[in-house]
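To be precise, the following lines are work_16.cif, and they hold mmCIF, C-alpha atoms and all ligand atoms.
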```cif
data_start
#
loop_
_atom_site.label_atom_id
_atom_site.label_comp_id
_atom_site.auth_asym_id
_atom_site.auth_seq_id
_atom_site.Cartn_x
_atom_site.Cartn_y
_atom_site.Cartn_z
CA MET N 867 10.22 11.52 12.37
CA LYS N 868 6.96 12.89 11.03
CA ILE N 869 7.15 14.94 7.85
CA GLU N 870 3.87 16.22 6.46
CA LYS N 871 1.90 13.12 5.39
CA TYR N 872 4.57 10.58 6.36
CA ASN N 873 6.17 8.89 9.29
CA ILE N 874 9.76 7.99 8.44
CA ASN N 875 11.26 6.17 11.38
CA LEU N 876 15.03 6.53 11.20
CA GLU N 877 15.84 5.26 14.71
CA LYS N 878 16.82 1.73 13.62
CA ALA N 879 19.18 3.17 11.01
CA ILE N 880 20.69 5.60 13.52
CA LYS N 881 21.31 2.78 16.01
CA LEU N 882 23.03 0.67 13.37
CA ILE N 883 25.19 3.54 12.08
CA LYS N 884 26.36 4.28 15.63
CA LYS N 885 27.03 0.63 16.38
CA LYS N 886 29.05 0.05 13.19
CA GLU N 887 30.69 3.50 13.42
CA TYR N 888 30.11 4.19 9.73
CA LYS N 889 32.03 7.28 8.60
CA ILE N 890 30.25 7.93 5.30
CA ILE N 891 26.66 6.99 4.62
CA GLY N 892 24.35 7.61 1.68
CA ILE N 893 20.64 8.30 1.46
CA GLN N 894 18.58 7.05 -1.45
CA ILE N 895 15.07 8.42 -1.81
CA PRO N 896 12.47 8.40 -4.60
CA ASP N 897 11.79 11.64 -6.45
CA GLY N 898 8.35 11.92 -4.83
CA LEU N 899 9.94 12.24 -1.38
CA LYS N 900 12.98 14.30 -2.39
CA GLY N 901 11.35 17.45 -1.09
CA TYR N 902 11.87 16.10 2.44
CA ILE N 903 15.50 15.11 2.05
CA LEU N 904 17.09 18.19 3.64
CA LYS N 905 14.89 17.83 6.73
CA ILE N 906 15.93 14.18 6.95
CA VAL N 907 19.64 15.03 6.65
CA GLU N 908 19.33 17.82 9.20
CA TYR N 909 17.66 15.42 11.59
CA LEU N 910 20.34 12.77 11.08
CA GLU N 911 23.08 15.37 11.65
CA THR N 912 21.73 15.92 15.15
CA LYS N 913 22.04 12.18 15.87
CA ILE N 914 25.12 10.87 14.07
CA SER N 915 28.54 12.23 13.14
CA SER N 916 28.91 10.34 9.82
CA LYS N 917 29.26 12.31 6.58
CA ILE N 918 25.97 12.10 4.70
CA LEU N 919 25.77 11.89 0.94
CA ILE N 920 22.45 12.43 -0.81
CA ILE N 921 22.23 10.08 -3.79
CA SER N 922 20.31 12.09 -6.31
CA ASP N 923 19.83 9.61 -9.15
CA PRO N 924 16.18 8.66 -9.61
CA CYS N 925 15.16 5.74 -7.42
CA PHE N 926 12.12 3.86 -8.70
CA GLY N 927 11.74 1.07 -6.16
CA ALA N 928 13.56 -1.31 -3.85
CA CYS N 929 14.72 -3.00 -7.08
CA ASP N 930 16.79 0.11 -7.68
CA ILE N 931 19.44 -0.01 -4.99
CA ALA N 932 22.46 2.29 -4.88
CA ASN N 933 25.23 1.60 -7.34
CA TYR N 934 28.29 -0.32 -6.20
CA GLU N 935 30.48 2.41 -7.77
CA LEU N 936 29.58 4.57 -4.77
CA LYS N 937 32.04 2.42 -2.81
CA ASN N 938 34.76 4.41 -4.59
CA LEU N 939 33.50 7.49 -2.74
CA GLY N 940 34.01 5.65 0.51
CA LEU N 941 30.34 4.96 1.10
CA GLU N 942 29.88 2.27 3.76
CA PHE N 943 26.14 2.18 4.31
CA ILE N 944 22.92 3.31 2.68
CA ILE N 945 19.58 4.38 4.06
CA HIS N 946 17.05 3.60 1.34
CA ILE N 947 13.84 5.48 2.07
CA GLY N 948 10.32 4.87 0.79
CA HIS N 949 10.38 1.20 -0.17
CA MET N 950 10.21 -2.17 1.57
CA PRO N 951 13.02 -4.70 1.00
CA LEU N 952 12.74 -6.75 -2.15
CA LEU N 953 16.17 -8.28 -2.81
CA LYS N 954 17.99 -11.02 -0.94
CA ASN N 955 20.81 -9.80 1.33
CA GLU N 956 23.47 -11.38 -0.86
CA GLU N 957 22.23 -9.36 -3.84
CA ILE N 958 22.88 -6.06 -2.06
CA LEU N 959 26.49 -5.02 -2.46
CA ILE N 960 26.59 -2.02 -0.12
CA PRO N 961 24.92 -2.65 3.29
CA THR N 962 21.49 -1.04 3.05
CA ILE N 963 18.61 -0.47 5.41
CA PHE N 964 15.13 0.02 3.94
CA ILE N 965 13.04 2.57 5.79
CA ASN N 966 9.43 2.86 4.73
CA ALA N 967 7.62 6.19 4.45
CA HIS N 968 4.37 5.32 6.15
CA SER N 969 1.41 7.46 5.25
CA ILE N 970 -0.23 8.97 8.32
CA LEU N 971 -3.37 9.96 6.44
CA ASN N 972 -6.61 8.74 7.95
CA ILE N 973 -7.98 5.98 5.72
CA LYS N 974 -11.29 5.54 7.53
CA ASN N 975 -13.38 7.84 5.33
CA VAL N 976 -12.08 6.58 2.03
CA VAL N 977 -12.50 2.92 3.03
CA LYS N 978 -16.08 3.59 4.17
CA LYS N 979 -16.77 5.34 0.87
CA SER N 980 -15.58 2.27 -1.03
CA ILE N 981 -17.97 -0.15 0.71
CA PRO N 982 -21.09 0.44 -1.47
CA LEU N 983 -18.99 -0.25 -4.59
CA LEU N 984 -17.45 -3.52 -3.41
CA GLU N 985 -18.95 -6.63 -4.99
CA GLY N 986 -19.76 -9.76 -2.99
CA LYS N 987 -18.80 -10.57 0.58
CA THR N 988 -15.22 -11.75 0.35
CA ILE N 989 -12.89 -8.87 -0.38
CA GLY N 990 -9.19 -9.17 -1.21
CA VAL N 991 -7.34 -6.21 0.29
CA VAL N 992 -4.12 -5.01 -1.30
CA THR N 993 -2.03 -1.89 -0.89
CA THR N 994 1.36 -0.30 -1.44
CA ALA N 995 4.18 0.11 1.09
CA GLN N 996 2.98 3.58 2.16
CA HIS N 997 -0.30 2.29 3.55
CA ILE N 998 0.74 -1.17 4.72
CA GLU N 999 0.63 -0.17 8.42
CA ASN N 1000 -3.03 0.72 7.94
CA ILE N 1001 -4.06 -2.61 6.48
CA GLU N 1002 -5.34 -4.00 9.81
CA ASN N 1003 -7.56 -0.91 10.19
CA VAL N 1004 -8.93 -1.50 6.69
CA LEU N 1005 -9.77 -5.11 7.59
CA GLU N 1006 -11.52 -3.98 10.79
CA ILE N 1007 -13.66 -1.44 8.96
CA LEU N 1008 -14.70 -4.03 6.36
CA LYS N 1009 -15.50 -6.62 9.05
CA ASP N 1010 -17.61 -4.05 10.93
CA ASN N 1011 -19.62 -3.78 7.73
CA ASN N 1012 -20.32 -7.51 7.53
CA LEU N 1013 -17.74 -8.20 4.88
CA ASN N 1014 -15.12 -10.90 4.88
CA PRO N 1015 -11.80 -9.21 4.01
CA ILE N 1016 -8.74 -11.33 3.30
CA ILE N 1017 -5.09 -10.60 2.66
CA SER N 1018 -2.37 -12.94 1.53
CA LYS N 1019 1.37 -13.38 1.56
CA GLY N 1020 2.98 -12.57 -1.75
CA ASP N 1021 5.96 -14.36 -3.25
CA ASN N 1022 9.56 -13.76 -2.22
CA ARG N 1023 9.66 -10.26 -3.77
CA ILE N 1024 6.94 -9.12 -1.38
CA PHE N 1025 7.83 -8.06 2.15
CA CYS N 1026 4.42 -7.66 3.84
CA ASP N 1027 1.13 -9.50 3.55
CA GLY N 1028 -1.23 -7.62 1.27
CA GLN N 1029 1.52 -5.51 -0.32
CA ILE N 1030 1.63 -5.27 -4.11
CA LEU N 1031 4.17 -3.71 -6.48
CA GLY N 1032 3.77 -2.46 -10.03
CA CYS N 1033 5.74 -5.54 -11.08
CA ASN N 1034 4.33 -8.02 -8.61
CA LEU N 1035 0.67 -8.67 -7.82
CA SER N 1036 1.27 -12.06 -6.19
CA SER N 1037 -0.37 -11.20 -2.87
CA GLY N 1038 -3.55 -10.35 -4.79
CA MET N 1039 -3.34 -13.15 -7.34
CA LYS N 1040 -2.90 -15.87 -4.71
CA ILE N 1041 -6.41 -15.20 -3.38
CA LYS N 1042 -8.02 -14.66 -6.78
CA LYS N 1043 -10.19 -17.80 -6.53
CA ASP N 1044 -11.42 -16.90 -3.03
CA VAL N 1045 -12.43 -13.27 -3.49
CA ASP N 1046 -15.50 -11.66 -5.04
CA SER N 1047 -13.74 -8.33 -5.54
CA TYR N 1048 -10.63 -6.44 -4.49
CA LEU N 1049 -10.09 -3.24 -2.58
CA PHE N 1050 -6.85 -1.46 -3.44
CA ILE N 1051 -5.68 1.26 -1.05
CA GLY N 1052 -3.27 3.70 -2.62
CA SER N 1053 -2.76 6.25 -5.36
CA GLY N 1054 -2.06 5.85 -9.07
CA ASN N 1055 -3.73 3.58 -11.59
CA PHE N 1056 -1.02 1.11 -12.56
CA HIS N 1057 -1.44 -1.28 -9.60
CA PRO N 1058 -5.26 -1.54 -9.64
CA ILE N 1059 -5.40 -1.80 -13.44
CA GLY N 1060 -2.76 -4.54 -13.36
CA LEU N 1061 -4.88 -6.41 -10.83
CA LEU N 1062 -8.03 -5.85 -12.88
CA ILE N 1063 -6.40 -7.23 -16.04
CA CYS N 1064 -4.64 -10.17 -14.37
CA SER N 1065 -7.40 -11.29 -11.98
CA LYS N 1066 -10.40 -10.40 -14.17
CA LYS N 1067 -12.23 -9.63 -10.89
CA PRO N 1068 -13.76 -6.25 -9.94
CA VAL N 1069 -11.26 -3.84 -8.38
CA ILE N 1070 -12.14 -0.72 -6.40
CA ALA N 1071 -9.34 1.76 -5.75
CA ALA N 1072 -9.51 3.95 -2.64
CA ASP N 1073 -7.02 6.80 -2.65
CA PRO N 1074 -6.32 8.22 0.84
CA TYR N 1075 -4.43 11.21 -0.64
CA THR N 1076 -7.42 12.50 -2.60
CA ASN N 1077 -10.10 10.79 -0.48
CA SER N 1078 -11.60 9.46 -3.71
CA ILE N 1079 -12.80 6.11 -5.07
CA LYS N 1080 -12.39 4.71 -8.57
CA LYS N 1081 -14.25 1.85 -10.17
CA GLU N 1082 -15.79 2.75 -13.55
CA GLU N 1083 -12.81 4.98 -14.30
CA LEU N 1084 -10.51 1.95 -13.83
CA TYR N 1085 -12.54 -0.08 -16.33
CA LYS N 1086 -12.29 2.76 -18.87
CA LEU N 1087 -8.54 3.09 -18.32
CA ARG N 1088 -8.11 -0.67 -18.60
CA ASP N 1089 -9.95 -0.68 -21.94
CA LYS N 1090 -7.84 2.24 -23.16
CA ILE N 1091 -4.58 0.49 -22.19
CA LEU N 1092 -5.67 -2.81 -23.74
CA LYS N 1093 -6.58 -1.00 -26.96
CA GLN N 1094 -3.14 0.64 -27.01
CA ARG N 1095 -1.39 -2.66 -26.33
CA TYR N 1096 -3.42 -4.43 -29.02
CA GLY N 1097 -2.44 -1.71 -31.52
CA LEU N 1098 1.25 -2.03 -30.60
CA ILE N 1099 1.16 -5.80 -30.92
CA ALA N 1100 -0.53 -5.51 -34.34
CA SER N 1101 2.06 -2.97 -35.50
CA SER N 1102 4.90 -5.27 -34.40
CA LEU N 1103 3.76 -8.34 -36.31
CA ASN N 1104 6.09 -7.70 -39.26
CA SER N 1105 9.10 -6.67 -37.14
CA LYS N 1106 12.30 -8.40 -38.20
CA LYS N 1107 14.88 -7.01 -35.80
CA PHE N 1108 14.18 -7.04 -32.07
CA GLY N 1109 16.13 -5.39 -29.25
CA ILE N 1110 15.83 -7.25 -25.94
CA ILE N 1111 16.18 -4.75 -23.10
CA ILE N 1112 17.99 -6.12 -20.05
CA GLY N 1113 17.77 -3.99 -16.91
CA ILE N 1114 21.06 -3.29 -15.13
CA LYS N 1115 19.33 -2.37 -11.87
CA ARG N 1116 19.79 -5.22 -9.44
CA GLY N 1117 16.12 -6.01 -8.89
CA GLN N 1118 15.18 -5.65 -12.56
CA GLN N 1119 17.66 -8.15 -14.00
CA ARG N 1120 15.99 -11.09 -15.77
CA MET N 1121 18.78 -12.62 -17.81
CA GLU N 1122 17.15 -16.04 -17.89
CA LEU N 1123 14.00 -14.56 -19.39
CA ALA N 1124 16.10 -12.53 -21.86
CA ASN N 1125 17.81 -15.76 -23.01
CA LYS N 1126 14.45 -17.48 -23.38
CA ILE N 1127 13.13 -14.55 -25.43
CA LYS N 1128 16.19 -14.58 -27.69
CA LYS N 1129 15.65 -18.26 -28.40
CA MET N 1130 11.97 -17.62 -29.18
CA ILE N 1131 12.75 -14.76 -31.57
CA ASP N 1132 15.68 -16.46 -33.28
CA SER N 1133 13.70 -19.65 -33.86
CA SER N 1134 11.00 -17.54 -35.59
CA LYS N 1135 13.62 -16.62 -38.21
CA LYS N 1136 13.86 -13.05 -36.89
CA LYS N 1137 16.94 -11.35 -35.50
CA SER N 1138 17.45 -10.23 -31.91
CA PHE N 1139 20.04 -8.23 -29.95
CA PHE N 1140 20.58 -7.83 -26.21
CA ILE N 1141 20.61 -4.22 -25.01
CA ALA N 1142 21.59 -3.59 -21.37
CA ILE N 1143 20.37 -0.35 -19.84
CA ASP N 1144 20.31 1.22 -16.38
CA VAL N 1145 17.94 4.20 -16.54
CA PHE N 1146 15.55 3.82 -19.45
CA SER N 1147 14.29 6.86 -21.32
CA SER N 1148 12.73 7.28 -24.76
CA SER N 1149 15.78 9.27 -25.91
CA SER N 1150 18.20 6.50 -24.90
CA MET N 1151 16.81 4.38 -27.75
CA HIS N 1152 16.95 7.01 -30.50
CA GLY N 1153 20.22 5.75 -31.94
CA PHE N 1154 18.94 2.24 -32.61
CA ARG N 1155 17.59 3.08 -36.05
CA ASP N 1156 17.57 -0.46 -37.43
CA ILE N 1157 15.63 -2.02 -34.57
CA ASP N 1158 11.95 -2.52 -35.42
CA CYS N 1159 10.73 -3.49 -31.99
CA LEU N 1160 11.98 -3.61 -28.38
CA VAL N 1161 11.03 -6.17 -25.74
CA SER N 1162 11.62 -5.14 -22.14
CA THR N 1163 12.69 -7.74 -19.59
CA SER N 1164 13.46 -4.87 -17.21
CA CYS N 1165 10.82 -3.11 -15.06
CA PRO N 1166 7.42 -4.11 -16.53
CA ARG N 1167 6.27 -0.50 -16.30
CA ILE N 1168 8.78 0.59 -18.95
CA ALA N 1169 6.71 -0.85 -21.79
CA ILE N 1170 3.38 0.49 -20.51
CA ASP N 1171 4.11 3.92 -18.97
CA ASP N 1172 4.88 6.79 -21.38
CA PHE N 1173 4.54 4.42 -24.37
CA ILE N 1174 3.33 7.36 -26.46
CA GLN N 1175 6.81 8.94 -26.30
CA TYR N 1176 8.58 5.93 -27.79
CA LYS N 1177 9.46 5.96 -31.49
CA ILE N 1178 10.04 2.18 -31.52
CA PRO N 1179 7.27 -0.06 -30.12
CA ILE N 1180 8.24 -1.54 -26.74
CA LEU N 1181 6.55 -4.79 -25.82
CA THR N 1182 6.42 -6.83 -22.66
CA PRO N 1183 7.58 -10.48 -22.88
CA ILE N 1184 3.89 -11.55 -22.75
CA GLU N 1185 3.10 -9.30 -25.71
CA LEU N 1186 6.04 -10.71 -27.67
CA GLU N 1187 4.54 -14.18 -27.25
CA ILE N 1188 1.35 -12.87 -28.90
CA VAL N 1189 3.38 -11.31 -31.75
CA LEU N 1190 5.14 -14.63 -32.33
CA GLY N 1191 1.86 -16.57 -32.25
CA LEU N 1192 2.75 -18.37 -29.01
CA ARG N 1193 -0.07 -16.90 -26.93
CA LYS N 1194 -3.62 -15.78 -27.69
CA TRP N 1195 -4.72 -12.19 -27.15
CA GLU N 1196 -7.50 -13.54 -24.89
CA ASP N 1197 -4.77 -14.73 -22.50
CA TYR N 1198 -3.20 -11.28 -22.22
CA VAL N 1199 -1.90 -10.38 -18.74
CA PHE N 1200 0.46 -7.76 -17.34
CA ASP N 1201 4.09 -8.78 -17.16
CA GLN N 1202 5.28 -9.45 -13.59
CA ILE N 1203 8.62 -10.20 -11.97
S1 LIG C 1301 10.72 -3.36 -11.11
FE1 LIG C 1301 9.52 -1.53 -11.55
S2 LIG C 1301 7.52 -1.88 -10.61
FE2 LIG C 1301 8.98 -3.35 -9.71
S3 LIG C 1301 9.71 -2.38 -7.84
FE3 LIG C 1301 11.14 -1.88 -9.50
S4 LIG C 1301 10.43 0.10 -10.30
FE4 LIG C 1301 8.75 -0.80 -9.10
#
```
Could you write out this structure as structure tokens?
Ligand code: SF4
Amino acid sequence: MKIEKYNINLEKAIKLIKKKEYKIIGIQIPDGLKGYILKIVEYLETKISSKILIISDPCFGACDIANYELKNLGLEFIIHIGHMPLLKNEEILIPTIFINAHSILNIKNVVKKSIPLLEGKTIGVVTTAQHIENIENVLEILKDNNLNPIISKGDNRIFCDGQILGCNLSSGMKIKKDVDSYLFIGSGNFHPIGLLICSKKPVIAADPYTNSIKKEELYKLRDKILKQRYGLIASSLNSKKFGIIIGIKRGQQRMELANKIKKMIDSSKKKSFFIAIDVFSSSSMHGFRDIDCLVSTSCPRIAIDDFIQYKIPILTPIELEIVLGLRKWEDYVFDQI
């Protein structure tokens, strides 16, 4: 079905629900698409007779699948909208189908606008799930302009060639040596800045929603973020008690890394504590008065986004290595899963 800027194709889910005769199904949708949820439910009601439960907890990515506790409500199946699959089947405890929300915005203009800003001939093209169906069109436009665009497969967290996540830039990083610059198609700054910091290659961001291009602005934002991170690292140097945040969300769990971090901290004659958390917020940490510094092994965005609201510094595992003298600031990169 088409809703405003998106095409959300529910037919595969409908077929499966009918075939399996599911009685109660749930729908998980990110906050940004929640405005469409009633239209989606109304549409499904015309096609299936199952009871439909809207799962209203925030849903940040395909890492954030519906809670197993929902089984107690009789939920048999979940339609997860707006993200591409990220977890292995065996990690998903309630059968789930991932339905992307494909942007139907025309990308032609914004891609053409980006061309004068691209550096060199070989261009790495990366995008988010919303624009992934348009990636072939992007490649065509660049080729028509005598450029050599390339895309790459990411690692096993990445579903489509050329797709990147806030926590995973592997499809961009794999072609780092081959490209002169990158073209990112999508909105927001986190993905292109992550790529800029990790690849150290020029990145141009083309936003089909606003029909605008960013290049210099990304450099300025990168410098601002690096300055903030440097300040946080410096202010954490004398920390004695560390809280290691472990994400409860299925696709954010990094227990092995948390164990490694604990060993690193404890062998530096500092103290560390594991703190498991599902939905992170600045207020959820208020009670931990004796903790000097937090290290997040959960979603890498936790440490970077909204850092200004946190009373206790929150570092990424990479930043902790710098605090402990195990990595140089010059080797700073964004944390990735
Ligand atoms: S871990 Fe964070 S960045 Fe990665 S998919 Fe989940 S919410 Fe997005």
When you draw a straight line from CA of Leu919 in chain N to CA of Phe964 in chain N, how long is it in Å? 16.2 Å
For ligand LIG 1301 (chain C), list the contacting residues at 9 Å or closer, counting all atoms listed in the file, as an mmCIF file with C-alpha atoms, keeping the file's coordinate frame.
```
data_model
loop_
_atom_site.group_PDB
_atom_site.id
_atom_site.type_symbol
_atom_site.label_atom_id
_atom_site.label_comp_id
_atom_site.auth_asym_id
_atom_site.auth_seq_id
_atom_site.Cartn_x
_atom_site.Cartn_y
_atom_site.Cartn_z
ATOM 1 C CA CYS N 925 15.160 5.740 -7.420
ATOM 2 C CA PHE N 926 12.120 3.860 -8.700
ATOM 3 C CA GLY N 927 11.740 1.070 -6.160
ATOM 4 C CA ALA N 928 13.560 -1.310 -3.850
ATOM 5 C CA CYS N 929 14.720 -3.000 -7.080
ATOM 6 C CA ASP N 930 16.790 0.110 -7.680
ATOM 7 C CA HIS N 949 10.380 1.200 -0.170
ATOM 8 C CA LEU N 952 12.740 -6.750 -2.150
ATOM 9 C CA ARG N 1023 9.660 -10.260 -3.770
ATOM 10 C CA LEU N 1031 4.170 -3.710 -6.480
ATOM 11 C CA GLY N 1032 3.770 -2.460 -10.030
ATOM 12 C CA CYS N 1033 5.740 -5.540 -11.080
ATOM 13 C CA ASN N 1034 4.330 -8.020 -8.610
ATOM 14 C CA LYS N 1115 19.330 -2.370 -11.870
ATOM 15 C CA GLY N 1117 16.120 -6.010 -8.890
ATOM 16 C CA GLN N 1118 15.180 -5.650 -12.560
ATOM 17 C CA GLN N 1119 17.660 -8.150 -14.000
ATOM 18 C CA SER N 1164 13.460 -4.870 -17.210
ATOM 19 C CA CYS N 1165 10.820 -3.110 -15.060
ATOM 20 C CA PRO N 1166 7.420 -4.110 -16.530
ATOM 21 C CA ARG N 1167 6.270 -0.500 -16.300
ATOM 22 C CA ILE N 1168 8.780 0.590 -18.950
ATOM 23 C CA GLN N 1202 5.280 -9.450 -13.590
ATOM 24 C CA ILE N 1203 8.620 -10.200 -11.970
#
```
Dump as a tab-separated table the rows for residues of range 1060-1097 of chain N within 12 Å of range 980-994 of chain N: closest atom pair and distance in Å with one decimal, all atoms listed in the file counted, ordered by chain and rising residue number.
```
residue	atom	partner	partner_atom	distance
N:Leu1061	CA	N:Val992	CA	9.7
N:Ser1065	CA	N:Gly990	CA	11.1
N:Lys1067	CA	N:Glu985	CA	9.4
N:Pro1068	CA	N:Glu985	CA	7.2
N:Val1069	CA	N:Leu984	CA	7.9
N:Ile1070	CA	N:Leu984	CA	6.7
N:Ala1071	CA	N:Ser980	CA	7.8
N:Ala1072	CA	N:Ser980	CA	6.5
N:Asp1073	CA	N:Ser980	CA	9.8
N:Pro1074	CA	N:Thr993	CA	11.1
N:Asn1077	CA	N:Ser980	CA	10.1
N:Ser1078	CA	N:Ser980	CA	8.6
N:Ile1079	CA	N:Ser980	CA	6.2
N:Lys1080	CA	N:Ser980	CA	8.5
N:Lys1081	CA	N:Leu983	CA	7.6
N:Glu1082	CA	N:Leu983	CA	10.0
```
Nearby residues (only C-alpha atoms) at most 12 Å from Ile1127 in chain N, same-chain spacing under 5 positions excluded, as number ranges by chain: N: 1108-1112, 1120-1122, 1132-1134, 1136-1140, 1160-1163, 1181-1187, 1190, 1192
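Closest approach to Met1130 in chain N among N:Ile914, N:Lys881, N:Met1039, N:Gly1191: N:Gly1191, based on only C-alpha atoms.
Going from CA of Phe943 in chain N to CA of Pro924 in chain N covers 18.3 Å.
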